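In what follows, a structure is listed as structure tokens, so that the remarks can point back to it.
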Amino acid sequence: MEPDHEALQRIADSLRAEDYELRVTAADDIAWVTIAAGPAACADCLVSKDLMRAMLAPALGLPPDRIELTYPAETG
């Protein structure tokens with residue numbers, strides 16, 4: 001499947017509204033996704049990683065188990 005760039009942009013825009021940044025790197029059948037927090041981001045406002053993968057999967061054109069997801073608390 002090909003990524004749905006419009007859907008991915010909607011997710012990025014929604015995160016940006018809460019002062020998060022979505023970073024995606026993809027190759028073949030896997031995607032590495034990092035969500036970084038800005039200074040005004042709410043630390044407890046992100047959905048669970050399983051739910052975020054489920055939201056990202058159709059936008060990336062990948063099954064959720066092929067999305068490596070890193071949240072702000074994990075980036076140091």
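Labels for the structure tokens follow display order: chains A, B, ..., residues from 1 in each chain, ligands from 1.
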- Message: Let's see if you can do this: from backbone DSSP, list all helix (DSSP H, G or I) residues in chain A, as a PyMOL selection string.
- Response: chain A and resi 5-17+49-60+64-66+72-74
File dump, residues just selected, C-alpha atoms, as an mmCIF file, in the first residue's frame:
data_model
loop_
_atom_site.group_PDB
_atom_site.id
_atom_site.type_symbol
_atom_site.label_atom_id
_atom_site.label_comp_id
_atom_site.auth_asym_id
_atom_site.auth_seq_id
_atom_site.Cartn_x
_atom_site.Cartn_y
_atom_site.Cartn_z
ATOM 1 C CA HIS A 5 -0.268 11.793 2.491
ATOM 2 C CA GLU A 6 -3.422 13.800 3.199
ATOM 3 C CA ALA A 7 -4.365 11.553 6.135
ATOM 4 C CA LEU A 8 -0.810 11.702 7.453
ATOM 5 C CA GLN A 9 -0.884 15.499 7.195
ATOM 6 C CA ARG A 10 -4.167 15.633 9.135
ATOM 7 C CA ILE A 11 -2.578 13.608 11.955
ATOM 8 C CA ALA A 12 0.515 15.835 11.911
ATOM 9 C CA ASP A 13 -1.668 18.971 11.982
ATOM 10 C CA SER A 14 -3.691 17.627 14.901
ATOM 11 C CA LEU A 15 -0.520 16.861 16.853
ATOM 12 C CA ARG A 16 0.991 20.242 15.958
ATOM 13 C CA ALA A 17 -2.066 21.964 17.425
ATOM 14 C CA LYS A 49 0.779 3.844 21.577
ATOM 15 C CA ASP A 50 -1.527 1.044 20.374
ATOM 16 C CA LEU A 51 -4.222 3.567 19.470
ATOM 17 C CA MET A 52 -1.686 5.883 17.791
ATOM 18 C CA ARG A 53 -0.375 2.965 15.701
ATOM 19 C CA ALA A 54 -3.966 2.124 14.718
ATOM 20 C CA MET A 55 -4.503 5.740 13.630
ATOM 21 C CA LEU A 56 -1.207 5.891 11.723
ATOM 22 C CA ALA A 57 -1.550 2.500 9.996
ATOM 23 C CA PRO A 58 -4.010 3.499 7.236
ATOM 24 C CA ALA A 59 -2.192 6.809 6.694
ATOM 25 C CA LEU A 60 1.138 5.011 6.303
ATOM 26 C CA PRO A 64 0.217 -1.405 13.025
ATOM 27 C CA ASP A 65 2.843 -4.001 13.902
ATOM 28 C CA ARG A 66 5.141 -2.567 11.190
ATOM 29 C CA PRO A 72 8.458 12.056 23.881
ATOM 30 C CA ALA A 73 9.302 10.433 27.230
ATOM 31 C CA GLU A 74 11.380 7.858 25.334
#
- Would you list, as a PyMOL selection string, the residues of chain A that end up in strand (DSSP E) under DSSP run on this structure's backbone? chain A and resi 20-27+30-37+67-70
- Message: Need to verify the contact set: A:Glu68, 7 Å, only C-alpha atoms, exclusion of same-chain residues closer than 4 positions in sequence. Can you return it as a ChimeraX atom specification?
- Response: /A:31-33
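We find atom CA of A:Ile30 and atom CA of A:Ile67 to be spaced 5.9 Å apart.
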- A:Ala37 environment, 8 Å, only C-alpha atoms, sequence neighbours closer than 2 positions dropped, as a list in words: Asp19, Tyr20, Glu21, Ile35, Pro39, Ala40, Ala41 and Pro72 of chain A
